[in-house]
Each structure stands twice: as C-alpha cells, then as structure tokens.
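Student: I'd like to ask you about the structure that follows.
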Amino acid sequence: LIYGVGFLIGLLFLSYGRMFTYNQWLAAQQNMVAVAYLHSGQPDIATKYYESALVHEFQNHKSNYDLAYIHLSKGKKKEAQRYFRKALV
C-alpha cells in the first residue's frame, strides 16, 4: 500500500513537471507572436498576446518587461511601473 501511494505521488510530481514545461512552451509561443506584432507597429494586439503568455507563466520576465515598455510608450506610467516590478521578481 505504501509503495502504491509513493508511486502515485511520484506520478503526480512527474506530470506536474511536464505541465510546467508545457506552460513555458505556450508562453514562449505567445511571446514570439507578440514580438512580431510589436515590431510591426501593432502594440495593442501584442499586448493581448503578452497577457496571454502571462496566463501560462505569470513570472515571465519577457512578457512583463515588454508590457511595461508598451505602457510606458503610451504614457501609462503606473501600469508600466507595475509590469517593470513584476519583470524584476
């Protein structure tokens, strides 16, 4: 019984690790699309993709930094400051 419980706990940790890697991959994909929109002069669409990346990985420094840059360029200093702080964590 103890071995069975240990086996199940091991499976949970293994599946969680894979899910975390998958979420990082999804966040990276969203970041790449966002960068393309940002460089093509469409920051509003880029913002949506960066925010989507943060849903998959909230400590994504790339998304937070670029969102701070977008908000700063629009003159939204408080929003920019919030994203800059998240990028530094």
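Residue numbering restarts at 1 in every chain; chains get A, B, ... in the order shown in the structure tokens, and ligands count up from 1 in that same order.
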If we count only C-alpha atoms, what is near Glu51 of chain A at a cut-off of 10 Å, once residues fewer than 4 positions away on the same chain are taken out, given as a ChimeraX atom specification?

Tutor: /A:27,30-31,34,46-47,55-58,63-64,67

Student: Got a sec: who's within 10 Å of Val89 of chain A, counting only C-alpha atoms, leaving out chain neighbours fewer than 5 positions off, as a CSV table (one decimal) with N, CA and C atoms, in the first residue's frame?

Tutor:
chain,number,residue,atom,x,y,z
A,59,GLN,N,5.4,34.5,-14.1
A,59,GLN,CA,6.7,35.1,-13.8
A,59,GLN,C,7.6,35.3,-15.1
A,60,ASN,N,6.9,35.4,-16.2
A,60,ASN,CA,7.6,35.5,-17.5
A,60,ASN,C,8.2,36.9,-17.6
A,61,HIS,N,9.5,37.1,-17.4
A,61,HIS,CA,10.1,38.4,-17.4
A,61,HIS,C,10.0,39.1,-18.8
A,84,PHE,N,7.1,46.6,-14.8
A,84,PHE,CA,8.5,46.6,-14.5
A,84,PHE,C,8.9,45.8,-13.2

Student: If you count only C-alpha atoms, which residues fall within 10 Å of Asp44 of chain A, apart from same-chain ones fewer than 4 positions away, as JSON, numbers by chain?

Tutor: {"A": [34, 37, 38, 48, 49, 70]}

Student: Would you compute the distance between atom CA of Gly41 of chain A and atom CA of Ala68 of chain A? Give it in Å to one decimal.

Tutor: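 Distance between the two atoms: 16.0 Å.
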
Student: What is the distance between atom CA of Asn23 of chain A and atom CA of Ser52 of chain A, in Å to one decimal?

Tutor: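 Between atom CA of Asn23 of chain A and atom CA of Ser52 of chain A the gap works out to 11.1 Å.
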